[in-house]
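Just entry.txt here, compact mmCIF, C-alpha atoms:
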```
# COMPACT_ATOMS: atom_id res chain seq x y z
CA MET A 1 -38.29 -39.91 -117.89
CA ARG A 2 -41.05 -39.81 -120.51
CA LEU A 3 -39.81 -36.46 -121.84
CA VAL A 4 -36.21 -37.67 -122.01
CA SER A 5 -37.41 -40.80 -123.85
CA LEU A 6 -39.29 -38.65 -126.38
CA PHE A 7 -36.26 -36.35 -126.80
CA GLU A 8 -33.99 -39.35 -127.44
CA GLY A 9 -36.52 -40.85 -129.84
CA THR A 10 -36.96 -37.61 -131.77
CA THR A 11 -33.21 -37.11 -132.21
CA LEU A 12 -32.88 -40.75 -133.37
CA VAL A 13 -35.63 -40.26 -135.98
CA ALA A 14 -34.07 -36.96 -137.10
CA LEU A 15 -30.67 -38.65 -137.40
CA THR A 16 -31.76 -41.81 -139.21
CA GLY A 17 -34.71 -40.36 -141.13
CA VAL A 18 -33.33 -36.99 -142.18
CA ALA A 19 -29.61 -36.52 -141.56
CA VAL A 20 -28.33 -39.92 -142.78
CA PRO A 21 -30.35 -39.83 -146.08
CA LEU A 22 -29.18 -36.24 -146.61
CA LYS A 23 -25.57 -37.39 -146.25
CA HIS A 24 -25.80 -40.46 -148.49
CA LEU A 25 -28.40 -39.39 -151.04
CA ALA A 26 -27.80 -35.64 -151.27
CA GLY A 27 -24.11 -35.53 -150.36
CA TYR A 28 -24.80 -33.16 -147.47
CA PRO A 29 -22.72 -34.41 -144.49
CA THR A 30 -23.25 -31.38 -142.23
CA ALA A 31 -26.60 -32.72 -141.01
CA THR A 32 -25.06 -35.90 -139.56
CA ALA A 33 -22.14 -33.91 -138.14
CA VAL A 34 -24.68 -31.83 -136.16
CA MET A 35 -27.30 -34.48 -135.34
CA GLY A 36 -24.79 -37.24 -134.48
CA PRO A 37 -23.37 -35.59 -131.34
CA ILE A 38 -26.81 -34.28 -130.31
CA HIS A 39 -28.29 -37.77 -130.51
CA GLY A 40 -25.21 -39.15 -128.72
CA VAL A 41 -25.78 -36.86 -125.75
CA ALA A 42 -29.56 -37.54 -125.81
CA PHE A 43 -28.87 -41.29 -125.80
CA LEU A 44 -26.47 -40.96 -122.85
CA ILE A 45 -29.02 -38.91 -120.90
CA TYR A 46 -31.74 -41.47 -121.63
CA VAL A 47 -29.60 -44.46 -120.54
CA TRP A 48 -28.60 -42.55 -117.42
CA MET A 49 -32.28 -41.89 -116.67
CA VAL A 50 -33.11 -45.60 -117.15
CA ILE A 51 -30.35 -46.59 -114.69
CA ASN A 52 -31.53 -43.91 -112.26
CA THR A 53 -35.21 -44.88 -112.53
CA VAL A 54 -34.56 -48.61 -112.23
CA SER A 55 -32.33 -48.06 -109.16
CA GLY A 56 -35.07 -46.04 -107.52
CA GLY A 57 -38.00 -48.43 -107.89
CA ASP A 58 -39.18 -51.96 -108.49
CA TRP A 59 -38.92 -52.73 -112.20
CA SER A 60 -39.01 -56.21 -113.74
CA LYS A 61 -36.28 -57.43 -116.10
CA GLY A 62 -38.80 -57.37 -118.96
CA GLU A 63 -39.64 -53.72 -118.31
CA ILE A 64 -35.95 -52.77 -118.11
CA THR A 65 -35.26 -54.61 -121.38
CA ARG A 66 -38.19 -52.82 -123.01
CA LEU A 67 -36.87 -49.42 -121.90
CA LEU A 68 -33.42 -50.15 -123.32
CA VAL A 69 -34.57 -51.75 -126.60
CA ALA A 70 -36.82 -48.75 -127.29
CA ALA A 71 -33.74 -46.52 -127.43
CA PHE A 72 -32.31 -48.46 -130.39
CA VAL A 73 -35.45 -48.64 -132.54
CA PRO A 74 -36.66 -45.59 -134.49
CA PHE A 75 -40.13 -44.62 -133.20
CA GLY A 76 -39.63 -47.08 -130.30
CA ALA A 77 -39.50 -44.14 -127.92
CA PHE A 78 -43.03 -43.08 -128.87
CA LEU A 79 -44.43 -46.52 -127.93
CA ASN A 80 -42.22 -46.36 -124.87
CA ALA A 81 -43.81 -43.06 -123.84
CA ARG A 82 -47.25 -44.71 -123.69
CA PHE A 83 -45.84 -47.54 -121.57
CA LEU A 84 -44.18 -45.01 -119.23
CA LYS A 85 -47.42 -43.03 -118.99
CA ARG A 86 -49.33 -46.17 -117.94
CA ARG A 87 -46.64 -46.98 -115.41
CA GLU A 88 -46.74 -43.39 -114.12
CA ASP A 89 -50.54 -43.52 -113.76
CA ALA A 90 -50.37 -46.87 -111.96
CA LEU A 91 -47.77 -45.50 -109.56
CA ALA A 92 -49.70 -42.31 -108.92
CA ALA A 93 -53.09 -43.94 -108.37
CA PRO A 94 -52.55 -45.58 -104.94
CA ALA A 95 -49.88 -43.25 -103.58
CA GLY A 96 -50.92 -39.78 -104.65
CA PRO A 97 -49.46 -37.18 -106.99
CA ALA A 98 -46.26 -36.70 -104.99
CA ASP A 99 -44.89 -40.03 -106.21
CA LYS A 100 -45.34 -39.00 -109.85
CA LYS A 101 -41.94 -37.38 -109.54
CA ARG A 102 -40.39 -40.86 -109.28
CA LEU A 103 -40.90 -41.36 -113.02
CA MET B 1 -15.51 -20.31 -127.55
CA SER B 2 -11.85 -21.26 -127.63
CA TYR B 3 -10.59 -24.73 -126.78
CA LEU B 4 -8.85 -23.57 -123.58
CA TRP B 5 -12.01 -21.87 -122.27
CA ILE B 6 -14.01 -25.02 -122.93
CA LYS B 7 -11.29 -27.08 -121.23
CA ALA B 8 -11.38 -24.80 -118.16
CA PHE B 9 -15.17 -25.14 -117.79
CA HIS B 10 -14.94 -28.88 -118.47
CA LEU B 11 -12.42 -29.29 -115.64
CA ALA B 12 -14.49 -27.16 -113.26
CA ALA B 13 -17.53 -29.33 -114.04
CA VAL B 14 -15.50 -32.53 -113.53
CA ILE B 15 -14.35 -31.37 -110.10
CA THR B 16 -17.94 -30.47 -109.12
CA TRP B 17 -19.33 -33.78 -110.43
CA ILE B 18 -16.68 -35.95 -108.76
CA GLY B 19 -17.00 -34.01 -105.49
CA GLY B 20 -20.75 -34.58 -105.56
CA MET B 21 -20.32 -38.28 -106.26
CA LEU B 22 -17.87 -38.67 -103.37
CA ALA B 23 -20.28 -36.84 -101.05
CA LEU B 24 -23.11 -39.12 -102.22
CA SER B 25 -20.89 -42.17 -101.58
CA VAL B 26 -20.28 -41.08 -98.01
CA VAL B 27 -23.98 -40.33 -97.39
CA LEU B 28 -25.02 -43.74 -98.73
CA MET B 29 -22.38 -45.45 -96.57
CA ALA B 30 -23.76 -43.67 -93.51
CA LEU B 31 -27.32 -44.89 -94.12
CA THR B 32 -27.95 -48.38 -92.80
CA SER B 33 -31.08 -50.57 -92.75
CA GLY B 34 -34.03 -50.05 -90.42
CA PRO B 35 -36.43 -47.18 -89.84
CA ARG B 36 -35.20 -43.75 -90.80
CA SER B 37 -34.80 -41.08 -88.14
CA ASP B 38 -35.69 -37.43 -88.80
CA ARG B 39 -31.96 -36.72 -89.04
CA ASP B 40 -31.57 -39.43 -91.70
CA ARG B 41 -34.46 -37.97 -93.70
CA HIS B 42 -32.95 -34.49 -93.48
CA LEU B 43 -29.60 -35.85 -94.67
CA ILE B 44 -31.25 -37.73 -97.55
CA ASN B 45 -33.27 -34.70 -98.66
CA THR B 46 -30.25 -32.39 -98.50
CA ALA B 47 -28.16 -34.86 -100.50
CA ARG B 48 -30.96 -35.25 -103.09
CA THR B 49 -31.30 -31.51 -103.51
CA TRP B 50 -27.55 -31.08 -104.00
CA ASP B 51 -27.46 -34.01 -106.41
CA SER B 52 -30.30 -32.76 -108.61
CA ARG B 53 -29.28 -29.09 -108.60
CA VAL B 54 -25.49 -29.34 -108.72
CA THR B 55 -23.99 -32.80 -109.29
CA THR B 56 -26.26 -34.02 -112.11
CA PRO B 57 -26.08 -30.74 -114.10
CA ALA B 58 -22.28 -30.83 -113.63
CA MET B 59 -22.23 -34.33 -115.12
CA LEU B 60 -24.23 -33.12 -118.14
CA ILE B 61 -21.82 -30.21 -118.62
CA VAL B 62 -18.89 -32.66 -118.43
CA TRP B 63 -20.41 -34.80 -121.18
CA VAL B 64 -21.31 -31.93 -123.49
CA LEU B 65 -18.05 -29.97 -123.13
CA GLY B 66 -16.00 -33.18 -123.29
CA LEU B 67 -17.72 -34.07 -126.56
CA VAL B 68 -17.15 -30.56 -127.96
CA MET B 69 -13.46 -30.72 -127.01
CA ALA B 70 -13.01 -34.16 -128.58
CA LEU B 71 -14.70 -32.98 -131.79
CA GLN B 72 -12.65 -29.76 -131.92
CA ALA B 73 -9.37 -31.59 -131.32
CA GLY B 74 -10.29 -34.54 -133.57
CA SER B 75 -9.36 -36.97 -130.80
CA PHE B 76 -11.89 -39.69 -131.59
CA SER B 77 -9.26 -41.78 -133.37
CA ALA B 78 -7.08 -41.92 -130.24
CA PRO B 79 -7.38 -45.11 -128.11
CA TRP B 80 -6.76 -43.20 -124.86
CA LEU B 81 -9.96 -41.21 -125.43
CA TRP B 82 -12.07 -44.35 -125.89
CA ILE B 83 -10.64 -45.89 -122.70
CA LYS B 84 -11.42 -42.61 -120.93
CA LEU B 85 -14.95 -42.62 -122.35
CA VAL B 86 -15.55 -46.16 -121.03
CA ILE B 87 -14.44 -45.03 -117.56
CA VAL B 88 -16.71 -41.95 -117.79
CA VAL B 89 -19.68 -44.15 -118.79
CA ILE B 90 -18.99 -46.44 -115.78
CA LEU B 91 -18.78 -43.39 -113.49
CA SER B 92 -22.03 -42.01 -114.96
CA ALA B 93 -23.80 -45.35 -114.43
CA LEU B 94 -22.55 -45.46 -110.83
CA HIS B 95 -23.86 -41.94 -110.30
CA GLY B 96 -27.24 -42.98 -111.77
CA ILE B 97 -27.42 -45.91 -109.35
CA GLN B 98 -26.44 -43.71 -106.39
CA SER B 99 -28.98 -41.05 -107.32
CA GLY B 100 -31.79 -43.59 -107.86
CA THR B 101 -30.98 -45.35 -104.60
CA LEU B 102 -31.12 -42.07 -102.73
CA ARG B 103 -34.57 -41.38 -104.21
CA ARG B 104 -35.76 -44.82 -103.08
CA LEU B 105 -34.42 -44.17 -99.57
CA ALA B 106 -36.26 -40.84 -99.50
CA GLY B 107 -39.53 -42.76 -99.87
CA ASP B 108 -40.77 -45.11 -97.22
CA SER B 109 -38.18 -47.77 -98.02
CA SER B 110 -36.31 -49.13 -95.02
CA ARG B 111 -34.19 -51.36 -97.23
CA PRO B 112 -30.49 -50.51 -97.03
CA PRO B 113 -28.59 -49.28 -100.09
CA PRO B 114 -27.12 -52.08 -102.27
CA ALA B 115 -24.00 -53.52 -100.63
CA PHE B 116 -21.73 -52.77 -103.60
CA LEU B 117 -22.33 -49.04 -103.16
CA ARG B 118 -20.07 -49.26 -100.09
CA PHE B 119 -17.21 -49.48 -102.58
CA ALA B 120 -18.39 -46.48 -104.60
CA ALA B 121 -15.86 -44.01 -103.16
CA PRO B 122 -12.76 -46.14 -103.91
CA VAL B 123 -14.15 -46.84 -107.41
CA VAL B 124 -14.66 -43.10 -108.03
CA ILE B 125 -11.12 -42.28 -106.85
CA ALA B 126 -9.59 -45.06 -108.96
CA ALA B 127 -11.56 -43.85 -111.99
CA VAL B 128 -10.39 -40.26 -111.48
CA VAL B 129 -6.76 -41.39 -111.24
CA GLY B 130 -7.18 -43.40 -114.45
CA ILE B 131 -8.84 -40.50 -116.28
CA ALA B 132 -6.20 -38.01 -115.13
CA ILE B 133 -3.37 -40.28 -116.34
CA LEU B 134 -5.07 -40.91 -119.70
CA ALA B 135 -6.01 -37.27 -120.32
CA ILE B 136 -2.65 -35.78 -119.35
CA THR B 137 -0.07 -38.33 -120.51
CA LYS B 138 -2.13 -39.61 -123.49
CA PRO B 139 -0.15 -42.86 -123.45
CA LEU B 140 -1.91 -44.54 -126.41
```

How does the structure come out when it is put into structure tokens?
Amino acid sequence: MRLVSLFEGTTLVALTGVAVPLKHLAGYPTATAVMGPIHGVAFLIYVWMVINTVSGGDWSKGEITRLLVAAFVPFGAFLNARFLKRREDALAAPAGPADKKRL
Amino acid sequence: MSYLWIKAFHLAAVITWIGGMLALSVVLMALTSGPRSDRDRHLINTARTWDSRVTTPAMLIVWVLGLVMALQAGSFSAPWLWIKLVIVVILSALHGIQSGTLRRLAGDSSRPPPAFLRFAAPVVIAAVVGIAILAITKPL
């Protein structure tokens, strides 16, 4: 989940920070034509993982909102990764390493 | 790769994904509340393995090849494609819920699956009928 979040976040930063300025400032539309679909698929995978993770465990509404909002904010995924790591550690501490797979 | 080759692999992936979702629907219907027997656990683990190794990758292939086809054909301006995409997103979300629920059941949870998942199979079939009509007749 953390890796997918970072992948989604990286493609969002590449799209909004590199490809979109290249298109509008440098007149180079190919970058958005490539990064747009890649980010689209990354976003779908991330939302699917959120739905999957939330269905498999006890998550509060606040945590679910945080996971979803992070996908829309550039660099949000990197803060999200720290939150997911804490959650992963908390889950692993009482139950053992086997449950780490849940995240 | 030519459009027809991509379409062939897209269709093969769709059939595999939908078949997996229907199998998951039946497994989740068969699991009720209460302590899990060894047979239940075996069924859950087998279904999880199939889901993670076959059904979920098939779903990813459906998304990627579907996107490539739509880009190649320039279909994003067609309303039928957007209606189809909404149905695919609903199907994907349902699959995510099924898959997550199965993972929860594989733990020590004795809670039954959410009641609405009992209707997953009819929803999947209705969605497939809708998608087939939209993709083949392209009414809009």

Contacts of stretch 110-115 of chain B at 12 Å (all atoms listed in the file; same-chain gap of 6+ positions) as a ChimeraX atom specification
/A:55-57 /B:24-37,40-41,94,97-104

Please determine the contact residues of chain B with respect to chain A at a cut-off of 12 Å, counting only C-alpha atoms, and supply them as an NGL selection string.
:B and (52 or 56-57 or 59-71 or 85 or 88-109 or 111 or 113-114 or 117)

Taking (-44.4, -46.1, -118.2) in the file's coordinates as the center, which residues reach within 12 Å of it, counting only C-alpha atoms, put as an NGL selection string?
:A and (1-3 or 5 or 50 or 53-54 or 59 or 63-64 or 66-67 or 77-92 or 100 or 102-103)

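Using only C-alpha atoms, the shortest contact distance between A:Phe72 and any of A:Ala19, A:Val34, A:Phe43, A:Phe7 is found at A:Phe43.
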
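Counting from atom CA of A:Gly36, the distance to atom CA of A:Thr16 is 9.6 Å.
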
Between atom CA of B:Leu11 and atom CA of B:Ala58, what is the distance in Å, rounded to a tenth?
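Value for the atom CA of B:Leu11-atom CA of B:Ala58 distance: 10.2 Å.
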
Which residues are close to B:Trp82, i.e. within 12 Å by only C-alpha atoms, leaving aside same-chain residues fewer than 3 positions away? Reply as a CSV table (one decimal) with C-alpha atoms, in the frame of the given file.
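Written output follows (selection-v1.csv):
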```
chain,number,residue,atom,x,y,z
B,67,LEU,CA,-17.7,-34.1,-126.6
B,70,ALA,CA,-13.0,-34.2,-128.6
B,75,SER,CA,-9.4,-37.0,-130.8
B,76,PHE,CA,-11.9,-39.7,-131.6
B,77,SER,CA,-9.3,-41.8,-133.4
B,78,ALA,CA,-7.1,-41.9,-130.2
B,79,PRO,CA,-7.4,-45.1,-128.1
B,85,LEU,CA,-15.0,-42.6,-122.4
B,86,VAL,CA,-15.6,-46.2,-121.0
B,87,ILE,CA,-14.4,-45.0,-117.6
B,88,VAL,CA,-16.7,-42.0,-117.8
B,89,VAL,CA,-19.7,-44.2,-118.8
B,131,ILE,CA,-8.8,-40.5,-116.3
B,134,LEU,CA,-5.1,-40.9,-119.7
B,135,ALA,CA,-6.0,-37.3,-120.3
B,138,LYS,CA,-2.1,-39.6,-123.5
B,140,LEU,CA,-1.9,-44.5,-126.4
```
